[in-house]
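Novice: So I've got this file, coords.cif, and it contains mmCIF, C-alpha atoms:
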data_start
#
loop_
_atom_site.group_PDB
_atom_site.id
_atom_site.type_symbol
_atom_site.label_atom_id
_atom_site.label_comp_id
_atom_site.auth_asym_id
_atom_site.auth_seq_id
_atom_site.Cartn_x
_atom_site.Cartn_y
_atom_site.Cartn_z
ATOM 1 C CA MET A 1 112.722 101.766 82.420
ATOM 2 C CA ILE A 2 114.726 100.596 85.410
ATOM 3 C CA ASP A 3 114.684 96.879 86.217
ATOM 4 C CA VAL A 4 111.927 95.785 88.567
ATOM 5 C CA ASN A 5 112.987 94.903 92.101
ATOM 6 C CA THR A 6 109.773 94.324 94.005
ATOM 7 C CA PRO A 7 110.186 93.697 97.740
ATOM 8 C CA PRO A 8 108.214 90.836 99.281
ATOM 9 C CA LYS A 9 105.013 91.552 101.145
ATOM 10 C CA ARG A 10 105.586 91.718 104.880
ATOM 11 C CA THR A 11 103.969 92.741 108.108
ATOM 12 C CA THR A 12 104.633 96.055 109.775
ATOM 13 C CA SER A 13 104.313 96.930 113.444
ATOM 14 C CA THR A 14 102.081 99.726 114.581
ATOM 15 C CA HIS A 15 101.377 101.736 117.711
ATOM 16 C CA GLU A 16 97.740 102.501 118.506
ATOM 17 C CA GLY A 17 96.861 100.954 115.132
ATOM 18 C CA LYS A 18 99.090 103.412 113.235
ATOM 19 C CA ARG A 19 102.619 103.334 111.886
ATOM 20 C CA TYR A 20 104.619 106.312 113.147
ATOM 21 C CA LEU A 21 107.642 107.291 111.080
ATOM 22 C CA SER A 22 110.598 109.387 112.234
ATOM 23 C CA TYR A 23 112.593 111.982 110.317
ATOM 24 C CA ASN A 24 115.602 109.682 110.650
ATOM 25 C CA GLN A 25 113.778 106.780 108.987
ATOM 26 C CA ILE A 26 112.461 108.982 106.200
ATOM 27 C CA HIS A 27 115.884 110.467 105.503
ATOM 28 C CA LYS A 28 117.347 106.957 105.202
ATOM 29 C CA THR A 29 114.508 105.892 102.922
ATOM 30 C CA VAL A 30 115.166 108.847 100.626
ATOM 31 C CA ALA A 31 118.908 108.172 100.685
ATOM 32 C CA GLY A 32 118.214 104.572 99.737
ATOM 33 C CA LEU A 33 116.322 105.728 96.647
ATOM 34 C CA ALA A 34 118.912 108.253 95.497
ATOM 35 C CA ASP A 35 120.951 105.952 93.228
ATOM 36 C CA ALA A 36 117.859 104.715 91.372
ATOM 37 C CA ILE A 37 116.646 108.310 90.944
ATOM 38 C CA ARG A 38 120.031 109.383 89.566
ATOM 39 C CA GLU A 39 119.788 106.535 87.057
ATOM 40 C CA PHE A 40 116.411 107.912 85.941
ATOM 41 C CA LYS A 41 118.176 111.270 85.314
ATOM 42 C CA PRO A 42 115.368 113.731 86.116
ATOM 43 C CA ASP A 43 115.723 117.391 85.145
ATOM 44 C CA CYS A 44 113.411 118.581 87.908
ATOM 45 C CA MET A 45 111.066 117.432 90.649
ATOM 46 C CA VAL A 46 107.393 118.250 91.084
ATOM 47 C CA ALA A 47 106.577 117.927 94.799
ATOM 48 C CA ILE A 48 102.927 117.344 95.671
ATOM 49 C CA GLY A 49 101.953 119.378 98.720
ATOM 50 C CA GLY A 50 101.924 119.010 101.484
ATOM 51 C CA GLY A 51 103.287 115.465 101.937
ATOM 52 C CA GLY A 52 105.799 115.573 99.099
ATOM 53 C CA PHE A 53 107.525 118.816 100.083
ATOM 54 C CA ILE A 54 109.919 117.499 102.731
ATOM 55 C CA PRO A 55 110.818 114.246 100.913
ATOM 56 C CA ALA A 56 111.592 116.312 97.783
ATOM 57 C CA ARG A 57 113.883 118.612 99.765
ATOM 58 C CA MET A 58 115.628 115.617 101.308
ATOM 59 C CA LEU A 59 116.104 114.102 97.858
ATOM 60 C CA ARG A 60 117.642 117.342 96.585
ATOM 61 C CA THR A 61 120.540 116.769 98.986
ATOM 62 C CA PHE A 62 121.455 113.756 96.850
ATOM 63 C CA VAL A 63 120.070 114.792 93.440
ATOM 64 C CA LYS A 64 120.769 118.458 92.707
ATOM 65 C CA ILE A 65 117.798 119.467 90.565
ATOM 66 C CA PRO A 66 115.133 122.192 90.921
ATOM 67 C CA ILE A 67 111.943 121.559 92.907
ATOM 68 C CA LEU A 68 108.611 122.768 91.570
ATOM 69 C CA THR A 69 105.572 122.547 93.827
ATOM 70 C CA VAL A 70 101.878 121.838 93.368
ATOM 71 C CA SER A 71 99.098 121.397 95.915
ATOM 72 C CA LEU A 72 96.220 118.997 95.402
ATOM 73 C CA GLU A 73 93.302 118.282 97.717
ATOM 74 C CA LEU A 74 91.525 114.932 97.677
ATOM 75 C CA TYR A 75 90.074 115.102 101.193
ATOM 76 C CA ASP A 76 88.146 118.008 102.679
ATOM 77 C CA ASP A 77 89.757 118.779 106.036
ATOM 78 C CA LYS A 78 86.630 120.567 107.282
ATOM 79 C CA THR A 79 84.226 117.698 106.610
ATOM 80 C CA ASN A 80 86.783 114.859 106.610
ATOM 81 C CA THR A 81 85.241 113.533 103.413
ATOM 82 C CA ARG A 82 86.772 112.387 100.133
ATOM 83 C CA LYS A 83 86.175 114.411 96.979
ATOM 84 C CA GLU A 84 85.246 112.763 93.669
ATOM 85 C CA LYS A 85 88.609 113.780 92.244
ATOM 86 C CA PRO A 86 91.598 115.870 93.354
ATOM 87 C CA VAL A 87 91.245 119.639 93.233
ATOM 88 C CA LYS A 88 94.102 121.951 92.256
ATOM 89 C CA LEU A 89 94.951 124.423 95.014
ATOM 90 C CA GLN A 90 98.309 125.454 93.568
ATOM 91 C CA TRP A 91 99.877 124.791 90.167
ATOM 92 C CA PHE A 92 102.533 126.245 87.876
ATOM 93 C CA ASP A 93 102.048 127.857 84.477
ATOM 94 C CA SER A 94 104.005 128.562 81.324
ATOM 95 C CA VAL A 95 103.399 132.319 81.437
ATOM 96 C CA SER A 96 105.811 132.838 84.340
ATOM 97 C CA GLY A 97 108.382 130.575 82.738
ATOM 98 C CA VAL A 98 108.115 127.917 85.447
ATOM 99 C CA GLY A 99 106.340 125.561 83.067
ATOM 100 C CA ALA A 100 109.341 125.765 80.741
ATOM 101 C CA ARG A 101 111.212 123.578 83.234
ATOM 102 C CA ILE A 102 108.733 120.790 82.442
ATOM 103 C CA GLU A 103 108.173 120.860 78.693
ATOM 104 C CA GLY A 104 110.419 118.360 76.943
ATOM 105 C CA LYS A 105 112.155 117.504 80.236
ATOM 106 C CA ARG A 106 112.454 114.436 82.440
ATOM 107 C CA VAL A 107 110.191 115.037 85.443
ATOM 108 C CA LEU A 108 110.009 113.265 88.796
ATOM 109 C CA VAL A 109 106.763 113.603 90.778
ATOM 110 C CA VAL A 110 107.335 113.249 94.539
ATOM 111 C CA ASP A 111 104.799 112.397 97.261
ATOM 112 C CA GLU A 112 104.982 110.735 100.657
ATOM 113 C CA VAL A 113 102.651 107.754 100.182
ATOM 114 C CA ASP A 114 100.953 105.826 97.377
ATOM 115 C CA ASP A 115 97.623 105.031 98.997
ATOM 116 C CA SER A 116 94.737 104.933 96.500
ATOM 117 C CA ARG A 117 96.979 106.258 93.682
ATOM 118 C CA THR A 118 94.225 108.733 92.756
ATOM 119 C CA THR A 119 96.300 111.843 93.407
ATOM 120 C CA LEU A 120 99.351 110.462 91.639
ATOM 121 C CA GLN A 121 97.313 109.561 88.560
ATOM 122 C CA PHE A 122 95.726 113.024 88.481
ATOM 123 C CA CYS A 123 99.061 114.808 88.821
ATOM 124 C CA VAL A 124 100.764 112.699 86.145
ATOM 125 C CA GLU A 125 97.854 113.182 83.729
ATOM 126 C CA GLU A 126 97.749 116.963 84.259
ATOM 127 C CA ILE A 127 101.499 117.349 83.760
ATOM 128 C CA THR A 128 101.498 115.116 80.683
ATOM 129 C CA ARG A 129 98.526 116.854 79.044
ATOM 130 C CA ASP A 130 99.416 120.473 79.741
ATOM 131 C CA HIS A 131 103.225 120.488 79.899
ATOM 132 C CA ALA A 132 104.438 117.654 77.628
ATOM 133 C CA PRO A 133 107.468 116.267 79.490
ATOM 134 C CA SER A 134 109.754 113.925 77.573
ATOM 135 C CA SER A 135 109.572 111.388 80.414
ATOM 136 C CA ILE A 136 107.917 111.191 83.795
ATOM 137 C CA GLY A 137 108.611 109.233 86.960
ATOM 138 C CA VAL A 138 106.974 108.949 90.376
ATOM 139 C CA MET A 139 108.772 108.640 93.712
ATOM 140 C CA VAL A 140 107.003 107.852 96.982
ATOM 141 C CA LEU A 141 108.394 107.007 100.380
ATOM 142 C CA HIS A 142 105.822 104.295 100.985
ATOM 143 C CA ASN A 143 103.544 102.151 98.865
ATOM 144 C CA LYS A 144 100.531 100.521 100.506
ATOM 145 C CA GLU A 145 99.847 96.999 99.299
ATOM 146 C CA LYS A 146 96.187 97.405 98.425
ATOM 147 C CA THR A 147 93.868 97.660 95.433
ATOM 148 C CA LYS A 148 94.443 101.025 93.787
ATOM 149 C CA ASN A 149 91.729 103.316 92.444
ATOM 150 C CA GLY A 150 94.197 105.177 90.246
ATOM 151 C CA VAL A 151 96.342 103.845 87.419
ATOM 152 C CA LEU A 152 99.718 105.078 86.188
ATOM 153 C CA PRO A 153 100.655 104.743 82.509
ATOM 154 C CA PRO A 154 103.026 101.840 81.794
ATOM 155 C CA ASP A 155 105.777 104.196 80.628
ATOM 156 C CA VAL A 156 105.914 105.979 84.006
ATOM 157 C CA SER A 157 108.951 104.951 86.066
ATOM 158 C CA TYR A 158 107.936 104.217 89.655
ATOM 159 C CA PHE A 159 110.132 104.320 92.772
ATOM 160 C CA ALA A 160 108.963 103.371 96.273
ATOM 161 C CA GLY A 161 111.225 103.247 99.300
ATOM 162 C CA GLU A 162 109.115 100.685 101.156
ATOM 163 C CA SER A 163 106.051 98.584 100.433
ATOM 164 C CA PHE A 164 103.898 97.312 103.291
ATOM 165 C CA PRO A 165 100.297 96.403 104.212
ATOM 166 C CA ASP A 166 97.544 98.993 104.324
ATOM 167 C CA VAL A 167 98.081 100.759 107.648
ATOM 168 C CA TRP A 168 97.628 104.400 108.622
ATOM 169 C CA CYS A 169 100.981 106.210 108.344
ATOM 170 C CA VAL A 170 101.746 109.146 110.622
ATOM 171 C CA TYR A 171 104.530 111.417 109.376
ATOM 172 C CA PRO A 172 106.626 113.698 111.587
ATOM 173 C CA TRP A 173 105.647 116.866 109.715
ATOM 174 C CA ASP A 174 102.061 116.268 110.895
ATOM 175 C CA ALA A 175 103.080 116.015 114.557
ATOM 176 C CA ILE A 176 101.993 118.565 117.130
ATOM 177 C CA ASP A 177 104.331 117.168 119.791
ATOM 178 C CA ILE A 178 107.441 116.003 117.913
ATOM 179 C CA ASP A 179 109.010 114.362 120.988
ATOM 180 C CA GLU A 180 105.932 112.221 121.566
ATOM 181 C CA HIS A 181 105.803 111.373 117.869
ATOM 182 C CA GLU A 182 109.445 110.288 117.781
ATOM 183 C CA GLU A 183 108.900 108.062 120.830
ATOM 184 C CA LYS A 184 106.012 106.306 119.081
ATOM 185 C CA ALA A 185 108.070 105.970 115.899
ATOM 186 C CA LEU A 186 110.824 104.308 117.943
ATOM 187 C CA LEU A 187 108.324 101.816 119.377
ATOM 188 C CA CYS A 188 107.242 100.876 115.853
ATOM 189 C CA GLN A 189 110.849 100.611 114.730
ATOM 190 C CA GLU A 190 111.898 98.418 117.659
ATOM 191 C CA ALA A 191 108.930 96.100 117.088
ATOM 192 C CA ASN A 192 110.062 95.639 113.494
ATOM 193 C CA PHE A 193 113.775 95.310 114.196
ATOM 194 C CA ASN A 194 113.933 91.593 113.534
ATOM 195 C CA ASP A 195 112.102 91.992 110.207
ATOM 196 C CA MET A 196 114.311 94.953 109.204
ATOM 197 C CA VAL A 197 111.185 96.752 107.985
ATOM 198 C CA CYS A 198 112.082 100.035 109.624
ATOM 199 C CA GLY A 199 115.849 99.645 109.465
ATOM 200 C CA ASN A 200 116.779 99.558 105.788
ATOM 201 C CA PRO A 201 114.779 101.153 102.983
ATOM 202 C CA ARG A 202 114.053 98.809 100.102
ATOM 203 C CA ILE A 203 113.526 100.026 96.572
ATOM 204 C CA MET A 204 110.518 99.001 94.549
ATOM 205 C CA VAL A 205 110.778 100.127 90.966
ATOM 206 C CA SER A 206 107.895 100.151 88.470
ATOM 207 C CA PRO A 207 104.216 99.968 89.463
#
Would you give me this structure, written as structure tokens?
Specialist:
Amino acid sequence: MIDVNTPPKRTTSTHEGKRYLSYNQIHKTVAGLADAIREFKPDCMVAIGGGGFIPARMLRTFVKIPILTVSLELYDDKTNTRKEKPVKLQWFDSVSGVGARIEGKRVLVVDEVDDSRTTLQFCVEEITRDHAPSSIGVMVLHNKEKTKNGVLPPDVSYFAGESFPDVWCVYPWDAIDIDEHEEKALLCQEANFNDMVCGNPRIMVSP
């Protein structure tokens, strides 16, 4: 387990009640986590789709390991309602040989945000039960400082680039107009300049 380095709670500036994040900020957040991830020594990543796909690819620039992908659905996009538990939309199996990259290996689960922790708990439990990794870690770009519904086992290594109050995060891969999104992200970043919230990623290790 890596030593705990929990950042202090702090405010974060928003635009229209949301925190917009740019590709530049996210890349720097991932880069800021790279050394801690290398110390964990993962054999492969499991990116949770869709939010974990791009952060996982960014991390691979710094940590050259394979990326496996899964897709889980906690919210129904059609009804905009929350399901009782996550549903598997895409997973890997041992028949094709993909699962062999997990069994007995050190695995890093990657997602964009730790909100309720429900999806992260589900993913970790499914991997642990069905694929028996030797060790498992979780990396998220952002951790929301709120009461969590999900729980991670104490032996799971946890890495978060930033920790901030419970605000709605808007990521660039969800943007329809990327120029407009980047302008709003800049407004949030400038508002937080004095607090250095948007400027330098801070590592929080262990849940």
Novice: Can you measure CA of Val63 in chain A to CA of Ala34 in chain A for me? One decimal in Å is fine.
Specialist: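 A separation of 7.0 Å between them.
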Novice: Could you name the residues that touch Gly137 in chain A at 6 Å or less, counting only C-alpha atoms, but leaving out those on the same chain fewer than 2 positions away, as a PyMOL selection string?
Specialist: chain A and resi 108+156-158
Novice: Take every atom of range 55-69 of chain A listed in the file, fit an axis-aligned box around them, add 5 Å per side, and give the centre and edge lengths in Å to one decimal as lines of an AutoDock Vina configuration file.
Specialist:
center_x = 113.5
center_y = 118.3
center_z = 95.9
size_x = 25.9
size_y = 19.0
size_z = 20.7
Novice: Of the residues A:Arg117, A:Asn80, A:Thr128, A:Ile136, which is the one nearest to Lys148 in chain A, using all atoms listed in the file?
Specialist: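 Looking at the shortest contact to Lys148 in chain A, the residue is A:Arg117.
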Novice: Calculate how many Å separate CA of Met139 in chain A from CA of Ala100 in chain A, rounding to one decimal.
Specialist: 21.5 Å
Novice: Can you pull out every residue within 7 Å of Cys169 in chain A, counting all atoms listed in the file, but drop anything in the same chain fewer than 2 positions away, and send it as a list in words?
Specialist: Lys18, Arg19, Tyr20, Val167 and Tyr171 of chain A
Novice: Could those selected residues go to a file with C-alpha atoms, as an mmCIF file, in the coordinates of the input?
Specialist:
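out.cif written:
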data_model
loop_
_atom_site.group_PDB
_atom_site.id
_atom_site.type_symbol
_atom_site.label_atom_id
_atom_site.label_comp_id
_atom_site.auth_asym_id
_atom_site.auth_seq_id
_atom_site.Cartn_x
_atom_site.Cartn_y
_atom_site.Cartn_z
ATOM 1 C CA LYS A 18 99.090 103.412 113.235
ATOM 2 C CA ARG A 19 102.619 103.334 111.886
ATOM 3 C CA TYR A 20 104.619 106.312 113.147
ATOM 4 C CA VAL A 167 98.081 100.759 107.648
ATOM 5 C CA TYR A 171 104.530 111.417 109.376
#
Novice: Just the number, please: distance in Å from CA of Glu112 in chain A to CA of Ala191 in chain A, one decimal.
Specialist: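 Between these atoms lies a distance of 22.4 Å.
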Novice: Can you tell me, as a JSON list (two decimals) with C-alpha atoms, in the frame of the given file, what residues are no more than 10 Å from Ile48 in chain A when counting only C-alpha atoms, ignoring any on the same chain fewer than 5 positions away?
Specialist:
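Produced file part.json, reproduced below:
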[["chain", "number", "residue", "atom", "x", "y", "z"],
["A", 53, "PHE", "CA", 107.52, 118.82, 100.08],
["A", 54, "ILE", "CA", 109.92, 117.50, 102.73],
["A", 55, "PRO", "CA", 110.82, 114.25, 100.91],
["A", 56, "ALA", "CA", 111.59, 116.31, 97.78],
["A", 68, "LEU", "CA", 108.61, 122.77, 91.57],
["A", 69, "THR", "CA", 105.57, 122.55, 93.83],
["A", 70, "VAL", "CA", 101.88, 121.84, 93.37],
["A", 71, "SER", "CA", 99.10, 121.40, 95.92],
["A", 72, "LEU", "CA", 96.22, 119.00, 95.40],
["A", 73, "GLU", "CA", 93.30, 118.28, 97.72],
["A", 90, "GLN", "CA", 98.31, 125.45, 93.57],
["A", 91, "TRP", "CA", 99.88, 124.79, 90.17],
["A", 109, "VAL", "CA", 106.76, 113.60, 90.78],
["A", 110, "VAL", "CA", 107.34, 113.25, 94.54],
["A", 111, "ASP", "CA", 104.80, 112.40, 97.26],
["A", 112, "GLU", "CA", 104.98, 110.74, 100.66],
["A", 119, "THR", "CA", 96.30, 111.84, 93.41],
["A", 120, "LEU", "CA", 99.35, 110.46, 91.64],
["A", 123, "CYS", "CA", 99.06, 114.81, 88.82]]
Novice: Excluding Ile102 in chain A and any residue of its chain fewer than 6 positions from it, enumerate the residues within 12 Å of it, using all atoms listed in the file, and give them as a PyMOL selection string.
Specialist: chain A and resi 42-46+66-69+92-94+108-109+124+126-136
Novice: Extract, using only C-alpha atoms, all DNA, RNA and protein residues at most 6 Å from Ser22 in chain A, discarding same-chain residues fewer than 5 positions from it, and format them as a ChimeraX atom specification.
Specialist: /A:172,182,185
Novice: Which is closer to Leu89 in chain A than all the others in A:Lys184, A:Pro165, A:Arg38, A:Gly49, using all atoms listed in the file?
Specialist: A:Gly49
